[in-house]
$ cat target_27.pdb   # PDB, C-alpha atoms
ATOM      1  CA  MET Y   1     243.381  95.042 173.285
ATOM      2  CA  SER Y   2     241.765  92.026 174.690
ATOM      3  CA  ILE Y   3     242.234  88.468 173.582
ATOM      4  CA  GLU Y   4     238.737  88.422 172.130
ATOM      5  CA  GLN Y   5     239.431  91.427 170.003
ATOM      6  CA  PHE Y   6     242.779  90.021 169.004
ATOM      7  CA  GLY Y   7     241.127  86.690 168.045
ATOM      8  CA  GLU Y   8     238.433  88.529 166.101
ATOM      9  CA  SER Y   9     241.145  90.513 164.328
ATOM     10  CA  LEU Y  10     243.053  87.344 163.417
ATOM     11  CA  LEU Y  11     239.883  85.619 162.233
ATOM     12  CA  GLY Y  12     238.968  88.707 160.176
ATOM     13  CA  ASP Y  13     242.442  88.735 158.642
ATOM     14  CA  ILE Y  14     242.169  85.020 157.865
ATOM     15  CA  ARG Y  15     238.702  85.506 156.303
ATOM     16  CA  GLU Y  16     239.972  88.443 154.228
ATOM     17  CA  ARG Y  17     243.007  86.468 153.081
ATOM     18  CA  LYS Y  18     240.789  83.460 152.132
ATOM     19  CA  ARG Y  19     238.440  85.799 150.251
ATOM     20  CA  LYS Y  20     241.391  87.282 148.330
ATOM     21  CA  GLU Y  21     242.786  83.815 147.592
ATOM     22  CA  ALA Y  22     239.353  82.593 146.483
ATOM     23  CA  ARG Y  23     238.980  85.660 144.264
ATOM     24  CA  GLN Y  24     242.458  85.141 142.773
ATOM     25  CA  GLN Y  25     241.729  81.442 142.248
ATOM     26  CA  ARG Y  26     238.418  82.268 140.559
ATOM     27  CA  ARG Y  27     240.129  84.821 138.264
ATOM     28  CA  LYS Y  28     242.873  82.308 137.459
ATOM     29  CA  GLU Y  29     240.266  79.640 136.576
ATOM     30  CA  GLU Y  30     238.376  82.140 134.426
ATOM     31  CA  ARG Y  31     241.598  83.022 132.580
ATOM     32  CA  GLN Y  32     242.377  79.329 132.105
ATOM     33  CA  ALA Y  33     238.844  78.723 130.840
ATOM     34  CA  LEU Y  34     239.161  81.610 128.382
ATOM     35  CA  LEU Y  35     242.581  80.394 127.249
ATOM     36  CA  GLY Y  36     241.217  76.888 126.795
ATOM     37  CA  PHE Y  37     238.259  78.256 124.881
ATOM     38  CA  GLY Y  38     240.608  80.375 122.760
ATOM     39  CA  LEU Y  39     242.858  77.394 122.054
ATOM     40  CA  ASN Y  40     239.855  75.298 121.075
ATOM     41  CA  ILE Y  41     238.714  78.019 118.694
ATOM     42  CA  ALA Y  42     242.245  78.429 117.292
ATOM     43  CA  THR Y  43     242.514  74.661 116.819
ATOM     44  CA  LYS Y  44     239.176  74.529 115.030
ATOM     45  CA  ILE Y  45     240.155  77.440 112.788
ATOM     46  CA  GLY Y  46     243.495  75.789 112.027
ATOM     47  CA  ASN Y  47     241.826  72.472 111.241
ATOM     48  CA  GLU Y  48     239.308  74.172 108.971
ATOM     49  CA  ALA Y  49     242.078  76.049 107.157
ATOM     50  CA  LEU Y  50     244.019  72.814 106.708
ATOM     51  CA  ALA Y  51     240.905  71.016 105.454
ATOM     52  CA  ASN Y  52     240.260  73.854 102.989
ATOM     53  CA  LYS Y  53     243.846  73.687 101.707
ATOM     54  CA  THR Y  54     243.585  69.917 101.336
ATOM     55  CA  ASN Y  55     240.292  70.186  99.462
ATOM     56  CA  GLU Y  56     241.738  72.911  97.250
ATOM     57  CA  PHE Y  57     244.770  70.752  96.450
ATOM     58  CA  LEU Y  58     242.644  67.694  95.763
ATOM     59  CA  SER Y  59     240.331  69.679  93.516
ATOM     60  CA  LYS Y  60     243.359  70.840  91.506
ATOM     61  CA  GLU Y  61     245.069  67.443  91.480
ATOM     62  CA  SER Y  62     243.871  66.662  87.967
ATOM     63  CA  ILE Y  63     245.327  69.972  86.786
ATOM     64  CA  TRP Y  64     248.658  69.189  88.442
ATOM     65  CA  ASN Y  65     248.653  65.730  86.871
ATOM     66  CA  ALA Y  66     247.821  67.144  83.456
ATOM     67  CA  ASN Y  67     250.665  69.652  83.780
ATOM     68  CA  GLN Y  68     253.086  66.851  84.684
ATOM     69  CA  VAL Y  69     251.926  64.764  81.730
ATOM     70  CA  GLN Y  70     252.281  67.763  79.439
ATOM     71  CA  LYS Y  71     255.814  68.496  80.681
ATOM     72  CA  GLN Y  72     256.785  64.860  80.153
ATOM     73  CA  ALA Y  73     255.255  64.865  76.676
ATOM     74  CA  ARG Y  74     257.170  68.024  75.746
ATOM     75  CA  TYR Y  75     260.404  66.505  77.018
ATOM     76  CA  ASN Y  76     259.793  63.260  75.119
ATOM     77  CA  SER Y  77     258.908  65.190  71.988
ATOM     78  CA  SER Y  78     262.077  67.266  72.193
ATOM     79  CA  GLN Y  79     264.157  64.101  72.646
ATOM     80  CA  ILE Y  80     262.510  62.477  69.621
ATOM     81  CA  LEU Y  81     263.084  65.602  67.533
ATOM     82  CA  LYS Y  82     266.744  65.671  68.589
ATOM     83  CA  LEU Y  83     267.066  62.026  67.598
ATOM     84  CA  ARG Y  84     265.356  62.701  64.275
ATOM     85  CA  ASP Y  85     267.707  65.645  63.640
ATOM     86  CA  THR Y  86     270.689  63.437  64.487
ATOM     87  CA  ILE Y  87     269.440  60.796  62.031
ATOM     88  CA  ASN Y  88     268.856  63.428  59.345
ATOM     89  CA  ALA Y  89     272.321  64.875  59.932
ATOM     90  CA  ALA Y  90     273.752  61.379  59.456
ATOM     91  CA  GLY Y  91     272.084  61.059  56.062
ATOM     92  CA  GLY Y  92     268.469  60.425  56.942
ATOM     93  CA  ASP Y  93     268.617  56.618  56.698
ATOM     94  CA  VAL Y  94     267.015  55.431  59.940
ATOM     95  CA  GLN Y  95     268.053  51.821  59.514
ATOM     96  CA  GLY Y  96     271.627  52.716  58.616
ATOM     97  CA  TRP Y  97     271.907  55.048  61.602
ATOM     98  CA  ALA Y  98     270.465  52.399  63.931
ATOM     99  CA  ALA Y  99     272.870  49.776  62.580
ATOM    100  CA  THR Y 100     275.820  52.095  63.142
ATOM    101  CA  GLN Y 101     274.702  52.689  66.723
ATOM    102  CA  MET Y 102     274.019  49.007  67.469
ATOM    103  CA  ARG Y 103     277.010  47.385  65.812
ATOM    104  CA  PRO Y 104     279.702  48.069  68.473
ATOM    105  CA  ASP Y 105     277.639  46.666  71.345
ATOM    106  CA  PHE Y 106     276.443  43.726  69.289
ATOM    107  CA  GLU Y 107     279.971  42.848  68.167
ATOM    108  CA  ALA Y 108     281.330  43.128  71.702
ATOM    109  CA  ARG Y 109     278.681  40.748  73.024
ATOM    110  CA  ALA Y 110     279.120  38.334  70.140
ATOM    111  CA  GLU Y 111     282.895  38.243  70.609
ATOM    112  CA  GLU Y 112     282.364  37.346  74.262
ATOM    113  CA  ILE Y 113     280.321  34.271  73.436
ATOM    114  CA  LEU Y 114     281.685  33.078  70.050
ATOM    115  CA  ALA Y 115     284.861  31.069  69.659
ATOM    116  CA  ASP Y 116     287.945  32.729  68.152
ATOM    117  CA  GLU Y 117     287.667  30.877  64.826
ATOM    118  CA  TYR Y 118     284.316  32.614  64.218
ATOM    119  CA  THR Y 119     285.442  36.105  65.163
ATOM    120  CA  GLY Y 120     288.278  36.453  62.667
ATOM    121  CA  GLU Y 121     288.358  39.057  59.902
ATOM    122  CA  ALA Y 122     286.695  36.840  57.310
ATOM    123  CA  GLY Y 123     284.197  34.084  57.473
ATOM    124  CA  PRO Y 124     280.844  33.480  59.077
ATOM    125  CA  TYR Y 125     281.371  36.020  61.868
ATOM    126  CA  ARG Y 126     281.294  39.084  59.619
ATOM    127  CA  GLU Y 127     278.336  37.727  57.691
ATOM    128  CA  LEU Y 128     276.496  36.921  60.923
ATOM    129  CA  MET Y 129     277.260  40.403  62.282
ATOM    130  CA  ARG Y 130     276.017  42.047  59.122
ATOM    131  CA  LYS Y 131     272.848  39.952  59.070
ATOM    132  CA  LYS Y 132     271.976  40.384  62.762
ATOM    133  CA  VAL Y 133     272.755  44.102  62.860
ATOM    134  CA  ASP Y 134     270.621  44.627  59.740
ATOM    135  CA  GLU Y 135     267.739  42.708  61.331
ATOM    136  CA  LEU Y 136     267.951  44.639  64.604
ATOM    137  CA  ALA Y 137     268.351  47.968  62.824
ATOM    138  CA  ALA Y 138     265.356  47.242  60.582
ATOM    139  CA  GLU Y 139     263.211  46.393  63.624
ATOM    140  CA  TRP Y 140     264.375  49.506  65.453
ATOM    141  CA  ALA Y 141     263.825  51.757  62.421
ATOM    142  CA  GLU Y 142     260.344  50.361  61.830
ATOM    143  CA  GLU Y 143     259.416  50.849  65.489
ATOM    144  CA  PHE Y 144     260.915  54.361  65.509
ATOM    145  CA  ASN Y 145     258.997  55.381  62.400
ATOM    146  CA  ARG Y 146     255.777  53.785  63.637
ATOM    147  CA  ARG Y 147     255.839  55.327  67.109
ATOM    148  CA  CYS Y 148     257.743  58.563  66.811
ATOM    149  CA  CYS Y 149     257.356  59.919  63.342
ATOM    150  CA  PRO Y 150     254.218  58.554  61.702
ATOM    151  CA  ARG Y 151     253.734  61.775  59.729
ATOM    152  CA  ILE Y 152     257.392  62.159  58.798
ATOM    153  CA  SER Y 153     258.632  60.140  55.889
ATOM    154  CA  LEU Y 154     262.151  59.016  56.721
ATOM    155  CA  PRO Y 155     263.689  56.239  54.625
ATOM    156  CA  SER Y 156     264.118  53.109  56.701
ATOM    157  CA  THR Y 157     264.700  50.070  54.526
ATOM    158  CA  SER Y 158     265.922  51.624  51.290
ATOM    159  CA  LYS Y 159     269.553  50.657  51.935
ATOM    160  CA  GLN Y 160     271.063  47.921  53.988
ATOM    161  CA  TYR Y 161     273.925  48.829  56.275
ATOM    162  CA  ARG Y 162     277.321  47.777  55.017
ATOM    163  CA  PRO Y 163     280.252  48.491  57.305
ATOM    164  CA  SER Y 164     283.214  50.214  55.807
ATOM    165  CA  GLY Y 165     286.315  48.069  56.009
TER     166      GLY Y 165
END
$ encode --input "target_27.pdb" --output "structure tokens"
Amino acid sequence: MSIEQFGESLLGDIRERKRKEARQQRRKEERQALLGFGLNIATKIGNEALANKTNEFLSKESIWNANQVQKQARYNSSQILKLRDTINAAGGDVQGWAATQMRPDFEARAEEILADEYTGEAGPYRELMRKKVDELAAEWAEEFNRRCCPRISLPSTSKQYRPSG
């Protein structure tokens, strides 16, 4: 084999190798282009699905809000009915029940701020307690009857609360 033939052989090998590399590079670029195209399509599909879900949620938002309001109303109603049942079980006098509930807190606060001579067993303290608790209980009973039980006739001011003892 002569040098010319050997050179031609090497050049042919180099050309063949470059052709193969170019072909592989072209195939690789085509694959990358297809993958990129596929990712773009997948991204668009994902974005459209997300937009559809968002629109669906927003279109049903009023329904969700109405359900929440209804649940809260049911809960509030059940609490009011429990309170009404508690008042009825205690005799049905709304003002008397309210006075019984308010008196311990009111007395504790009054004893903190009034001098000892006013908080004894007799005297202006007991009268003040009775008067203030009756006022607060009457306000509470009126508000309770007005807001919670307008159709239910519960006695509220028929008797004034008088503590026992």
$ closest_residue --input "target_27.pdb" --among "Y:Met129, Y:Lys71, Y:Glu111, Y:Ser78" --to "Ala99 (chain Y)" --atoms "all atoms listed in the file"
Y:Met129
$ atom_distance --input "target_27.pdb" --atom1 "CA of Arg17 (chain Y)" --atom2 "CA of Ala33 (chain Y)"
23.9 Å
$ closest_residue --input "target_27.pdb" --among "Y:Asp93, Y:Glu107, Y:Glu56, Y:Glu29" --to "Ala137 (chain Y)" --atoms "only C-alpha atoms"
Y:Asp93
$ closest_residue --input "target_27.pdb" --among "Y:Thr100, Y:Thr86, Y:Asn67, Y:Asn76" --to "Arg147 (chain Y)" --atoms "all atoms listed in the file"
Y:Asn76
$ atom_distance --input "target_27.pdb" --atom1 "CA of Glu139 (chain Y)" --atom2 "CA of Ala73 (chain Y)"
24.0 Å
$ resolve_selection --input "target_27.pdb" --expression "the PyMOL selection byres ((chain Y and resi 102) around 12)" --output "MDAnalysis selection string"
chainID Y and resid 95:101 103:109 129:130 132:141 161 163
$ atom_distance --input "target_27.pdb" --atom1 "CA of Ile80 (chain Y)" --atom2 "CA of Asn145 (chain Y)"
10.7 Å
$ decode --input "target_27.pdb" --residues "region 29-54 of chain Y" --atoms "C-alpha atoms" --output "PDB file, in the first residue's frame"
ATOM      1  CA  GLU Y  29     -30.958  17.735  17.931  1.00  0.00           C
ATOM      2  CA  GLU Y  30     -34.142  16.308  16.426  1.00  0.00           C
ATOM      3  CA  ARG Y  31     -34.818  14.367  19.641  1.00  0.00           C
ATOM      4  CA  GLN Y  32     -34.154  17.491  21.708  1.00  0.00           C
ATOM      5  CA  ALA Y  33     -36.464  19.500  19.457  1.00  0.00           C
ATOM      6  CA  LEU Y  34     -39.200  16.881  19.820  1.00  0.00           C
ATOM      7  CA  LEU Y  35     -38.701  16.745  23.587  1.00  0.00           C
ATOM      8  CA  GLY Y  36     -38.847  20.527  23.773  1.00  0.00           C
ATOM      9  CA  PHE Y  37     -41.964  20.540  21.635  1.00  0.00           C
ATOM     10  CA  GLY Y  38     -43.480  17.818  23.825  1.00  0.00           C
ATOM     11  CA  LEU Y  39     -42.639  19.730  27.000  1.00  0.00           C
ATOM     12  CA  ASN Y  40     -44.170  22.885  25.562  1.00  0.00           C
ATOM     13  CA  ILE Y  41     -47.336  20.981  24.714  1.00  0.00           C
ATOM     14  CA  ALA Y  42     -47.394  19.324  28.158  1.00  0.00           C
ATOM     15  CA  THR Y  43     -46.899  22.714  29.817  1.00  0.00           C
ATOM     16  CA  LYS Y  44     -49.715  24.247  27.796  1.00  0.00           C
ATOM     17  CA  ILE Y  45     -52.017  21.335  28.619  1.00  0.00           C
ATOM     18  CA  GLY Y  46     -51.116  21.605  32.304  1.00  0.00           C
ATOM     19  CA  ASN Y  47     -51.715  25.353  32.311  1.00  0.00           C
ATOM     20  CA  GLU Y  48     -55.064  24.914  30.587  1.00  0.00           C
ATOM     21  CA  ALA Y  49     -56.096  22.230  33.082  1.00  0.00           C
ATOM     22  CA  LEU Y  50     -55.081  24.480  35.970  1.00  0.00           C
ATOM     23  CA  ALA Y  51     -56.966  27.422  34.457  1.00  0.00           C
ATOM     24  CA  ASN Y  52     -60.052  25.222  34.026  1.00  0.00           C
ATOM     25  CA  LYS Y  53     -59.855  24.066  37.653  1.00  0.00           C
ATOM     26  CA  THR Y  54     -59.462  27.658  38.822  1.00  0.00           C
TER      27      THR Y  54
END
